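Structure file entry_3.cif (mmCIF, C-alpha atoms) is printed below.
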```
data_protein
loop_
_atom_site.label_atom_id
_atom_site.label_comp_id
_atom_site.auth_asym_id
_atom_site.auth_seq_id
_atom_site.Cartn_x
_atom_site.Cartn_y
_atom_site.Cartn_z
CA MET A 101 -43.14 13.69 72.78
CA ILE A 102 -40.72 16.46 72.06
CA ARG A 103 -41.93 19.04 69.61
CA SER A 104 -39.79 21.45 67.70
CA ASN A 105 -40.61 25.04 68.05
CA ALA A 106 -38.96 25.81 64.67
CA SER A 107 -41.29 26.53 61.78
CA PRO A 108 -40.79 24.79 58.41
CA CYS A 109 -39.24 27.95 57.09
CA SER A 110 -37.05 28.70 60.00
CA PRO A 111 -33.42 29.60 59.26
CA GLN A 112 -32.17 26.54 61.18
CA LEU A 113 -34.07 24.01 59.01
CA VAL A 114 -33.21 25.82 55.79
CA PHE A 115 -29.52 25.71 56.71
CA ARG A 116 -29.66 21.97 57.54
CA PHE A 117 -31.46 21.17 54.30
CA ALA A 118 -29.04 23.22 52.23
CA LYS A 119 -26.09 21.54 53.90
CA LYS A 120 -27.47 18.06 53.19
CA GLN A 121 -28.24 19.07 49.60
CA LYS A 122 -24.66 20.22 49.06
CA LEU A 123 -23.35 16.95 50.48
CA VAL A 124 -25.58 14.93 48.13
CA VAL A 125 -24.53 17.02 45.13
CA PHE A 126 -20.87 16.70 46.14
CA ALA A 127 -21.24 12.92 46.53
CA ILE A 128 -22.90 12.64 43.10
CA PHE A 129 -20.15 14.81 41.62
CA CYS A 130 -17.43 12.59 43.11
CA ILE A 131 -19.15 9.43 41.86
CA GLY A 132 -19.42 11.03 38.42
CA ILE A 133 -15.75 11.94 38.41
CA LEU A 134 -14.77 8.37 39.41
CA TRP A 135 -17.05 6.86 36.76
CA TYR A 136 -15.78 9.24 34.09
CA TYR A 137 -12.15 8.50 35.00
CA HIS A 138 -12.84 4.77 34.93
CA PHE A 139 -14.64 5.02 31.61
CA PHE A 140 -12.03 7.35 30.09
CA TYR A 141 -9.10 5.24 31.23
CA LYS A 142 -10.50 1.81 30.54
CA PHE A 143 -12.56 2.35 27.42
CA LEU A 144 -10.93 5.37 25.82
CA LEU A 145 -7.40 6.06 26.94
CA ARG A 146 -6.36 2.49 27.65
CA ARG A 147 -8.18 0.75 24.84
CA GLN A 148 -7.56 3.49 22.30
CA VAL A 149 -3.98 4.43 23.20
CA LEU A 150 -2.33 2.53 26.04
CA ASP A 151 -3.26 -1.07 25.22
CA ASN A 152 -0.87 -2.81 22.83
CA VAL A 153 -3.44 -4.05 20.32
CA LEU A 154 -0.58 -5.35 18.17
CA SER A 155 -0.20 -8.14 20.72
CA ASP A 156 -3.78 -9.22 19.99
CA GLN A 157 -3.62 -12.20 17.64
CA VAL A 158 -7.10 -11.56 16.29
CA PHE A 159 -6.35 -7.90 15.56
CA VAL A 160 -3.13 -8.62 13.65
CA GLY A 161 -4.49 -11.78 12.05
CA SER A 162 -1.80 -14.12 13.34
CA ASP A 163 -4.61 -16.43 14.48
CA LYS A 164 -5.20 -17.07 10.75
CA CYS A 165 -1.64 -18.26 10.08
CA PRO A 166 -0.39 -19.90 7.98
CA ALA A 167 -3.00 -18.13 5.80
CA CYS A 168 -1.06 -14.95 6.47
CA PHE A 169 2.04 -13.03 5.36
CA GLY A 170 4.46 -14.35 7.99
CA THR A 171 5.53 -14.27 11.61
CA SER A 172 9.00 -12.69 11.54
CA LEU A 173 7.94 -9.68 13.62
CA CYS A 174 5.38 -11.26 15.93
CA ASP A 175 7.70 -11.09 18.95
CA GLU A 176 8.32 -7.40 18.29
CA PHE A 177 4.57 -6.84 17.96
CA SER A 178 3.91 -8.57 21.28
CA ASN A 179 6.61 -6.81 23.30
CA GLY A 180 5.74 -3.36 22.00
CA LYS A 181 8.85 -2.76 19.88
CA VAL A 182 6.56 -2.21 16.91
CA LYS A 183 3.92 0.32 17.88
CA PHE A 184 1.38 2.60 16.32
CA ALA A 185 2.12 6.32 16.03
CA SER A 186 0.17 9.51 15.42
CA PHE A 187 -3.57 9.08 14.85
CA SER A 188 -3.06 5.37 14.11
CA ARG A 189 -2.95 4.86 17.90
CA PHE A 190 -6.68 5.62 18.11
CA ARG A 191 -8.89 2.68 17.23
CA PHE A 192 -11.95 4.75 16.36
CA PHE A 193 -10.04 5.88 13.25
CA ASP A 194 -10.16 2.27 12.06
CA PHE A 195 -13.74 2.86 10.89
CA VAL A 196 -12.57 5.38 8.29
CA ASN A 197 -9.20 3.74 7.55
CA ILE A 198 -10.56 1.85 4.57
CA LYS A 199 -7.16 0.99 3.12
CA ASN A 200 -5.95 -0.47 6.43
CA VAL A 201 -2.71 1.54 6.31
CA PHE A 202 -1.27 2.60 9.68
CA PHE A 203 1.67 4.72 10.77
CA GLY A 204 4.05 3.36 13.37
CA GLU A 205 7.49 3.27 14.91
CA TYR A 206 10.09 0.52 15.06
CA LYS A 207 13.61 0.84 16.42
CA GLY A 208 13.39 4.62 16.33
CA LYS A 209 12.31 4.70 12.69
CA ASP A 210 9.02 5.74 11.13
CA VAL A 211 7.32 2.77 9.51
CA VAL A 212 4.07 1.92 7.78
CA LEU A 213 1.97 -1.05 8.82
CA LYS A 214 -0.36 -2.47 6.17
CA ARG A 215 -3.03 -5.13 6.12
CA LEU A 216 -2.77 -4.99 2.32
CA GLY A 217 -6.50 -5.28 1.86
CA HIS A 218 -9.89 -4.10 3.04
CA ASN A 219 -11.61 -6.04 5.81
CA ALA A 220 -14.24 -7.18 3.31
CA GLU A 221 -11.51 -8.52 1.01
CA TRP A 222 -10.01 -10.57 3.82
CA LEU A 223 -13.44 -11.93 4.74
CA SER A 224 -14.06 -12.92 1.14
CA TYR A 225 -10.59 -14.47 0.96
CA ASP A 226 -11.25 -16.60 4.06
CA GLU A 227 -14.58 -17.75 2.66
CA ARG A 228 -12.89 -18.81 -0.58
CA VAL A 229 -10.26 -20.76 1.35
CA CYS A 230 -13.01 -22.60 3.20
CA GLU A 231 -14.85 -23.22 -0.07
CA TYR A 232 -11.73 -24.67 -1.74
CA ALA A 233 -11.31 -26.90 1.31
CA ASP A 234 -14.93 -28.12 0.88
CA LEU A 235 -15.88 -26.67 4.26
CA PRO A 236 -18.49 -24.14 5.45
CA LYS A 237 -17.69 -20.47 4.83
CA ASN A 238 -17.07 -19.84 8.53
CA CYS A 239 -14.49 -22.61 8.91
CA ASP A 240 -11.29 -22.21 10.93
CA VAL A 241 -9.00 -20.90 8.19
CA SER A 242 -5.80 -21.62 10.10
CA LYS A 243 -6.65 -25.32 10.20
CA SER A 244 -8.39 -25.58 6.85
CA VAL A 245 -6.02 -23.73 4.53
CA SER A 246 -3.76 -26.78 4.18
CA LYS A 247 -6.72 -28.63 2.61
CA SER A 248 -7.31 -25.87 0.07
CA HIS A 249 -5.51 -25.12 -3.20
CA LEU A 250 -3.02 -23.00 -1.24
CA GLY A 251 -1.77 -26.08 0.59
CA LYS A 252 -0.90 -28.10 -2.52
CA LEU A 253 2.44 -26.47 -3.35
CA LYS A 254 5.32 -28.90 -3.80
CA ASP A 255 9.06 -28.16 -3.93
CA LYS A 256 8.99 -25.21 -6.35
CA LEU A 257 6.56 -22.84 -8.04
CA SER A 258 5.07 -23.79 -11.36
CA GLU A 259 2.95 -21.81 -13.78
CA GLN A 260 0.01 -24.06 -12.92
CA ASP A 261 0.36 -23.21 -9.22
CA VAL A 262 -0.06 -19.47 -9.79
CA MET A 263 -2.51 -19.44 -12.67
CA GLY A 264 -4.99 -16.58 -12.39
CA MET A 265 -3.46 -15.06 -9.28
CA SER A 266 -1.96 -11.58 -8.76
CA ASP A 267 -0.10 -9.26 -11.14
CA ILE A 268 3.38 -10.41 -10.10
CA VAL A 269 2.63 -13.76 -11.80
CA ARG A 270 0.22 -12.51 -14.47
CA CYS A 271 2.89 -13.38 -17.07
CA PRO A 272 4.69 -16.27 -15.35
CA SER A 273 8.01 -17.67 -16.49
CA PRO A 274 10.29 -20.29 -14.92
CA ARG A 275 12.98 -17.64 -14.37
CA LEU A 276 10.58 -15.31 -12.55
CA LEU A 277 9.05 -18.10 -10.46
CA ASP A 278 12.50 -19.37 -9.44
CA ARG A 279 13.44 -15.83 -8.43
CA ILE A 280 10.30 -15.53 -6.32
CA TRP A 281 10.95 -18.92 -4.72
CA SER A 282 14.58 -18.23 -3.80
CA THR A 283 13.72 -14.72 -2.56
CA PHE A 284 10.97 -16.02 -0.31
CA LYS A 285 13.32 -18.65 1.14
CA LYS A 286 15.65 -15.83 2.16
CA MET A 287 12.74 -13.92 3.66
CA GLN A 288 11.93 -16.98 5.76
CA GLY A 289 15.56 -17.63 6.69
CA GLN A 290 15.39 -21.02 4.97
CA GLU A 291 17.87 -20.53 2.14
CA LYS A 292 19.71 -23.81 2.71
CA GLY A 293 16.82 -26.07 3.62
CA GLU A 294 13.40 -26.77 2.21
CA LEU A 295 10.45 -24.52 2.90
CA THR A 296 8.13 -25.79 5.59
CA ALA A 297 4.51 -26.56 4.74
CA ALA A 298 3.44 -23.45 6.66
CA SER A 299 5.93 -21.26 4.79
CA LYS A 300 4.66 -22.53 1.44
CA ILE A 301 1.13 -21.54 2.40
CA MET A 302 2.35 -18.08 3.43
CA LEU A 303 4.05 -17.72 0.05
CA MET A 304 0.86 -18.71 -1.75
CA THR A 305 -1.14 -16.29 0.40
CA MET A 306 1.12 -13.43 -0.69
CA ILE A 307 0.92 -14.41 -4.35
CA ASN A 308 -2.83 -14.93 -4.23
CA PHE A 309 -3.98 -12.05 -2.01
CA ASN A 310 -1.39 -9.25 -2.32
CA PRO A 311 2.19 -9.72 -3.56
CA GLU A 312 3.54 -6.36 -2.36
CA PRO A 313 6.01 -7.85 0.17
CA LEU A 314 7.31 -10.18 -2.53
CA MET A 315 7.64 -7.39 -5.09
CA VAL A 316 9.89 -5.26 -2.89
CA GLU A 317 12.08 -8.25 -2.05
CA VAL A 318 12.23 -9.75 -5.55
CA PHE A 319 13.10 -6.28 -6.88
CA PRO A 320 14.81 -4.77 -3.83
CA PRO A 321 15.66 -1.10 -3.19
CA SER A 322 19.26 -2.17 -2.54
CA GLN A 323 19.52 -2.96 -6.26
CA GLY A 324 18.12 0.38 -7.36
CA TRP A 325 14.41 -0.41 -7.55
CA PRO A 326 12.33 2.60 -6.37
CA PHE A 327 10.40 0.86 -3.60
CA PRO A 328 10.32 1.20 0.19
CA SER A 329 12.17 -1.47 2.15
CA TYR A 330 10.28 -4.43 3.55
CA ILE A 331 10.99 -4.97 7.27
CA GLY A 332 8.88 -7.97 8.20
CA SER A 333 5.42 -9.25 8.99
CA CYS A 334 3.17 -10.60 11.70
CA GLY A 335 -0.02 -12.34 10.73
CA ARG A 336 -1.83 -10.21 8.19
CA PHE A 337 0.22 -7.10 8.87
CA VAL A 338 3.38 -6.20 6.96
CA VAL A 339 5.82 -3.49 8.06
CA MET A 340 7.53 -1.26 5.50
CA ASP A 341 9.77 1.78 5.72
CA TYR A 342 7.88 5.05 5.78
CA VAL A 343 8.99 7.01 2.73
CA GLY A 344 7.32 10.39 3.17
CA ARG A 345 4.47 12.51 1.88
CA THR A 346 2.72 11.46 -1.31
CA LEU A 347 2.92 13.34 -4.59
CA THR A 348 -0.55 14.71 -3.89
CA ASP A 349 0.99 17.05 -1.31
CA PHE A 350 3.27 18.61 -3.92
CA TYR A 351 0.63 19.86 -6.35
CA ASP A 352 1.10 23.44 -5.13
CA ALA A 353 4.89 23.23 -4.78
CA GLY A 354 7.13 25.55 -6.78
CA TRP A 355 7.88 24.79 -10.42
CA SER A 356 11.47 23.64 -9.82
CA LYS A 357 10.30 21.09 -7.24
CA ARG A 358 7.47 19.81 -9.39
CA VAL A 359 9.58 19.42 -12.50
CA ASP A 360 12.16 17.45 -10.50
CA LEU A 361 9.44 15.13 -9.17
CA ALA A 362 8.05 14.75 -12.69
CA TYR A 363 11.49 13.83 -13.97
CA GLN A 364 11.88 11.17 -11.29
CA ALA A 365 8.42 9.74 -12.02
CA PHE A 366 9.27 9.48 -15.71
CA GLN A 367 12.64 7.98 -14.84
CA ILE A 368 10.78 5.27 -12.91
CA ALA A 369 8.74 4.60 -16.04
CA GLU A 370 11.96 4.24 -18.04
CA HIS A 371 13.66 1.99 -15.48
CA PHE A 372 10.61 -0.26 -15.24
CA THR A 373 10.56 -0.54 -19.02
CA ASN A 374 14.27 -0.93 -19.78
CA ASN A 375 16.76 -2.31 -17.28
CA GLY A 376 19.70 -4.68 -17.16
CA GLU A 377 17.69 -7.55 -15.69
CA ASP A 378 15.44 -8.08 -18.72
CA TYR A 379 12.25 -7.69 -16.72
CA ALA A 380 9.58 -5.14 -17.54
CA LEU A 381 7.42 -3.93 -14.67
CA TYR A 382 4.22 -2.35 -15.93
CA MET A 383 2.33 -0.07 -13.53
CA THR A 384 -1.45 -0.39 -13.87
CA ASP A 385 -2.59 1.78 -10.95
CA VAL A 386 -0.82 5.10 -11.41
CA VAL A 387 -2.16 7.84 -9.15
CA ALA A 388 -0.32 10.46 -7.13
CA GLU A 389 -1.31 8.79 -3.84
CA ASN A 390 0.71 5.72 -4.82
CA PHE A 391 4.00 7.63 -5.01
CA ALA A 392 5.84 9.20 -2.08
CA VAL A 393 8.77 11.56 -1.70
CA SER A 394 11.50 10.79 0.84
CA LYS A 395 13.16 13.40 3.05
CA ASP A 396 16.03 13.33 0.54
CA GLY A 397 13.62 14.18 -2.27
CA ASP A 398 13.58 10.73 -3.88
CA VAL A 399 10.33 9.52 -5.49
CA LYS A 400 9.29 5.94 -4.76
CA LEU A 401 6.31 3.79 -5.66
CA ILE A 402 4.66 2.82 -2.38
CA ASP A 403 1.60 0.87 -3.55
CA ILE A 404 3.06 -2.03 -5.47
CA GLU A 405 0.19 -4.50 -5.70
CA ASN A 406 -0.77 -3.63 -9.27
CA VAL A 407 2.50 -4.09 -11.15
CA ILE A 408 2.60 -6.65 -13.96
CA VAL A 409 5.99 -8.37 -14.25
CA VAL A 410 7.05 -9.50 -17.71
CA ASP A 411 10.10 -11.67 -18.39
CA LYS A 412 11.60 -10.34 -21.61
CA LYS A 413 13.94 -13.32 -21.90
CA LYS A 414 10.93 -15.65 -22.08
CA ILE A 415 9.41 -13.54 -24.86
CA LYS A 416 12.64 -13.74 -26.85
CA GLU A 417 12.79 -17.49 -26.32
CA ASP A 418 9.12 -18.26 -27.04
CA LYS A 419 8.72 -15.72 -29.85
CA PRO A 420 4.92 -15.38 -29.66
CA GLU A 421 3.08 -13.82 -32.59
CA ASN A 422 4.23 -10.24 -33.28
CA TRP A 423 6.53 -10.41 -30.26
CA ASP A 424 9.14 -8.11 -31.82
CA GLN A 425 6.65 -5.44 -32.91
CA LYS A 426 6.36 -2.43 -30.65
CA HIS A 427 3.13 -2.35 -28.67
CA ALA A 428 1.66 1.15 -28.39
CA SER A 429 -0.93 1.82 -25.70
CA THR A 430 -4.17 3.56 -26.61
CA HIS A 431 -6.55 5.47 -24.39
CA ASP A 432 -9.71 4.23 -26.13
CA ASP A 433 -11.31 2.63 -23.07
CA CYS A 434 -10.65 5.62 -20.82
CA VAL A 435 -11.87 8.65 -22.76
CA ASN A 436 -12.99 11.41 -20.37
CA SER A 437 -11.92 9.31 -17.37
CA PRO A 438 -9.09 10.94 -15.39
CA ASN A 439 -6.34 8.58 -14.19
CA CYS A 440 -7.94 5.63 -15.98
CA LEU A 441 -5.49 3.44 -17.88
CA SER A 442 -6.33 1.28 -20.88
CA PHE A 443 -4.17 -1.81 -21.37
CA SER A 444 -4.18 -5.42 -22.51
CA ILE A 445 -2.47 -7.95 -20.28
CA ASP A 446 -2.05 -10.31 -23.24
CA TYR A 447 -0.24 -7.67 -25.28
CA LEU A 448 2.02 -6.70 -22.40
CA CYS A 449 2.89 -10.34 -21.75
CA THR A 450 3.77 -11.11 -25.36
CA HIS A 451 5.58 -8.00 -26.65
CA LEU A 452 9.25 -7.28 -26.09
CA GLU A 453 8.68 -3.52 -26.22
CA ALA A 454 5.67 -1.64 -24.88
CA ASP A 455 5.20 2.05 -24.16
CA HIS A 456 2.68 1.45 -21.36
CA ASN A 457 4.72 3.00 -18.53
CA TYR A 458 5.35 6.21 -20.48
CA TYR A 459 1.65 6.38 -21.30
CA ALA A 460 0.69 5.73 -17.66
CA VAL A 461 2.94 8.42 -16.16
CA CYS A 462 2.08 11.05 -18.77
CA HIS A 463 -1.66 10.43 -18.60
CA SER A 464 -2.02 9.95 -14.86
CA LEU A 465 0.76 12.00 -13.26
CA ILE A 466 2.57 14.68 -15.20
CA GLY A 467 0.51 15.59 -18.28
CA SER A 468 -2.33 18.07 -18.62
CA GLU A 469 -4.95 15.30 -18.68
CA ALA A 470 -3.86 13.99 -15.29
CA SER A 471 -5.41 14.96 -11.97
CA ILE A 472 -3.49 15.11 -8.71
CA GLY A 473 -6.03 14.20 -6.09
CA SER A 474 -9.00 16.19 -7.37
CA LYS A 475 -6.89 18.99 -8.85
CA PRO A 476 -6.51 19.23 -12.65
CA GLY A 477 -3.54 19.70 -14.91
CA GLY A 478 -1.16 17.08 -13.57
CA LEU A 479 2.09 17.62 -11.73
CA LEU A 480 3.35 19.97 -14.45
CA HIS A 481 0.35 22.29 -14.43
CA ASP A 482 0.86 26.00 -15.07
CA ILE A 483 4.10 25.71 -17.01
CA PRO A 484 5.98 29.02 -16.72
CA GLU A 485 5.86 31.20 -19.83
CA GLU A 486 9.64 31.22 -20.25
CA ILE A 487 9.61 27.40 -20.33
CA LYS A 488 6.81 27.39 -22.89
CA THR A 489 8.68 29.73 -25.19
CA SER A 490 12.19 28.33 -24.76
CA THR A 491 11.43 24.59 -24.85
CA ASN A 492 9.03 22.16 -26.50
CA LEU A 493 7.89 20.68 -23.16
CA GLU A 494 4.18 21.14 -23.88
CA GLU A 495 4.53 19.49 -27.28
CA LEU A 496 6.39 16.50 -25.86
CA LEU A 497 3.87 16.04 -23.04
CA ASN A 498 0.96 16.17 -25.45
CA GLU A 499 2.63 13.69 -27.78
CA CYS A 500 3.30 11.38 -24.83
CA GLN A 501 -0.35 11.54 -23.81
CA ASN A 502 -1.85 11.29 -27.32
CA PRO A 503 0.68 10.34 -30.02
CA SER A 504 -0.01 11.90 -33.39
CA GLU A 505 1.64 9.08 -35.31
CA PRO A 506 2.27 5.33 -34.86
CA ASN A 507 4.87 4.61 -32.19
CA GLY A 508 5.10 8.34 -31.51
CA ARG A 509 5.37 7.77 -27.78
CA PHE A 510 8.47 5.61 -28.25
CA ALA A 511 10.14 8.48 -30.13
CA VAL A 512 9.08 11.12 -27.62
CA ALA A 513 9.94 9.30 -24.38
CA PRO A 514 13.77 9.64 -24.48
CA ARG A 515 13.52 13.28 -25.55
CA LEU A 516 11.05 14.06 -22.76
CA LEU A 517 13.26 12.33 -20.21
CA VAL A 518 16.31 14.37 -21.25
CA LEU A 519 14.37 17.64 -21.20
CA LEU A 520 12.89 16.96 -17.76
CA GLU A 521 16.36 16.09 -16.48
CA LYS A 522 17.69 19.38 -17.85
CA LEU A 523 14.81 21.41 -16.39
CA SER A 524 15.33 19.81 -13.01
CA ASN A 525 18.96 21.01 -13.05
CA ARG A 526 20.29 17.46 -12.83
CA ILE A 527 22.53 17.98 -15.87
#
```
Taking this structure as input, can you express it in the form of structure tokens?
Amino acid sequence: MIRSNASPCSPQLVFRFAKKQKLVVFAIFCIGILWYYHFFYKFLLRRQVLDNVLSDQVFVGSDKCPACFGTSLCDEFSNGKVKFASFSRFRFFDFVNIKNVFFGEYKGKDVVLKRLGHNAEWLSYDERVCEYADLPKNCDVSKSVSKSHLGKLKDKLSEQDVMGMSDIVRCPSPRLLDRIWSTFKKMQGQEKGELTAASKIMLMTMINFNPEPLMVEVFPPSQGWPFPSYIGSCGRFVVMDYVGRTLTDFYDAGWSKRVDLAYQAFQIAEHFTNNGEDYALYMTDVVAENFAVSKDGDVKLIDIENVIVVDKKKIKEDKPENWDQKHASTHDDCVNSPNCLSFSIDYLCTHLEADHNYYAVCHSLIGSEASIGSKPGGLLHDIPEEIKTSTNLEELLNECQNPSEPNGRFAVAPRLLVLLEKLSNRI
């Protein structure tokens, strides 16, 4: 037996042990680096950024079609032509993205991708579809929707088909429904033929769940309506032009900028109320976050779900009770509630003239009682002293918010519009 003459604490053994220890530590370090790289690439970088989740049918909701918005952009989603941008590329932001609004790019342009509803709203919608089809709540919606009320549409829209659905058909008329029908046929590329059964279900899904894509096509930007352009859809995602920053970001802008934005917002109220097409579009969700400013400085309404469409021609034909009396909005149901709007759908649907849009913009955007985000005073806060002394702007704004006499808002609106136009140096 060979015995070592080295003691346990000899320099030779200490050196060997230290060398082996360094090798073990180095090996563990290398394994850790490889594991971290694998984890970072596969579960963070790849899944969060590199993977094209827009090609995932479940993620975009195309597996639910025809209970969806359409399929016109599904090829572009799959081949990466439509892609997320900025922080929308990171999936962990989905947990705080309650509105399901994403920023993206398409053909070199900035776009917005929307699911047009919270996840819980889509789940509830699917359960209702299954219920109407007399099936369990967890049924396969794509196969069951044709058996529900959404699959019963015939060759045109009728008032019975859309009863109780979204704001675009809250006051239905044959003229409006025909316009929606013909517009949707163009959207589907089926102008000359009949809509397929699947297309009809997609139309009913839009009308029932969220009509925003229909609104911007029925009242298109190309005809002067202040909306973003609709590009297309895939499953439960729609793609719209990105307009720009919301009005919330302009609270602290200079007076000249703010007064110009206020003028444009009030001009939208006027155009929605009086236009050459004999439709009134009444905004019922008026907050600064729902308006955006383009790079050219143009204000547009970007959240268009809550807009009640009224056919003035139908009112003149039907002549409901008091139809020709001006309807003045009151704030009775919203006292001490910032950005709350009080309105009656029945009154809006049955009166030829209503001051609701003027009331909405003054109360919720530009007047002193409005709040922009959480900041008080509205878009026209801190009016310069020279404006206070040389104009009656404060008086007109106050009268628009809280009229001192019957129909006072009708009298004030045109004067306020002219003054805002003058102050914005547009005339």
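In this structure, atom CA of Gly467 of chain A sits 16.1 Å away from atom CA of Glu370 of chain A.
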Residues in the PyMOL selection byres ((chain A and resi 232-244) around 9), expressed as a VMD selection string: chain A and resid 163 to 168 226 to 231 245 to 250
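Relative to atom CA of Asp341 of chain A, atom CA of Tyr459 of chain A is found at 28.6 Å.
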Hits from the PyMOL selection byres ((chain A and resi 408-414) around 10), listed as an MDAnalysis selection string: chainID A and resid 266:276 315 372:374 377:384 404:407 415:420 445 448:453
Gap from atom CA of Arg189 of chain A to atom CA of Gly161 of chain A - Å, one decimal: 17.7 Å
Ground truth for the PyMOL selection byres ((chain A and resi 362) around 8), written as a VMD selection string: chain A and resid 358 to 361 363 to 366 465 to 466 479 to 480 520
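Using all atoms listed in the file, the shortest contact distance between Lys256 of chain A and any of A:Ala392, A:Ala470, A:Cys440, A:Leu303 is found at A:Leu303.
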Spatial neighbours of Phe169 of chain A, max dist 7 Å, all atoms listed in the file, sep filter under 2 positions, as a PyMOL selection string: chain A and resi 302+305-306+333-336
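Distance annotation: of A:Arg526, A:Lys214, A:Lys183, A:Lys488, the residue with the minimal separation from Val153 of chain A is A:Lys183; atom set is only C-alpha atoms.
In terms of minimum interatomic distance to Phe184 of chain A, A:Ser155 ranks closest within A:Ser172, A:Ser155, A:Ser437, A:Ser429, counting all atoms listed in the file.
Remark: for Ser282 of chain A, the closest of the candidate residues A:Leu257, A:Val201, A:Ala298, A:Val393 is A:Leu257 (distances computed over all atoms listed in the file).
If you measure from each of A:Leu441, A:Cys434, A:Ile368, A:Met287 to Asp385 of chain A using only C-alpha atoms, the closest one turns out to be A:Leu441.
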Exercise: segment 496-511 of chain A partners within 10 Å, only C-alpha atoms, chain neighbours under 6 positions left out, as a ChimeraX atom specification: /A:426-431,453-456,458-464,466-470,480,517,519
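Distances from A:Glu317, A:Val338, A:Met304, A:Gly332 to Asn200 of chain A were compared using only C-alpha atoms, and the smallest one belongs to A:Val338.
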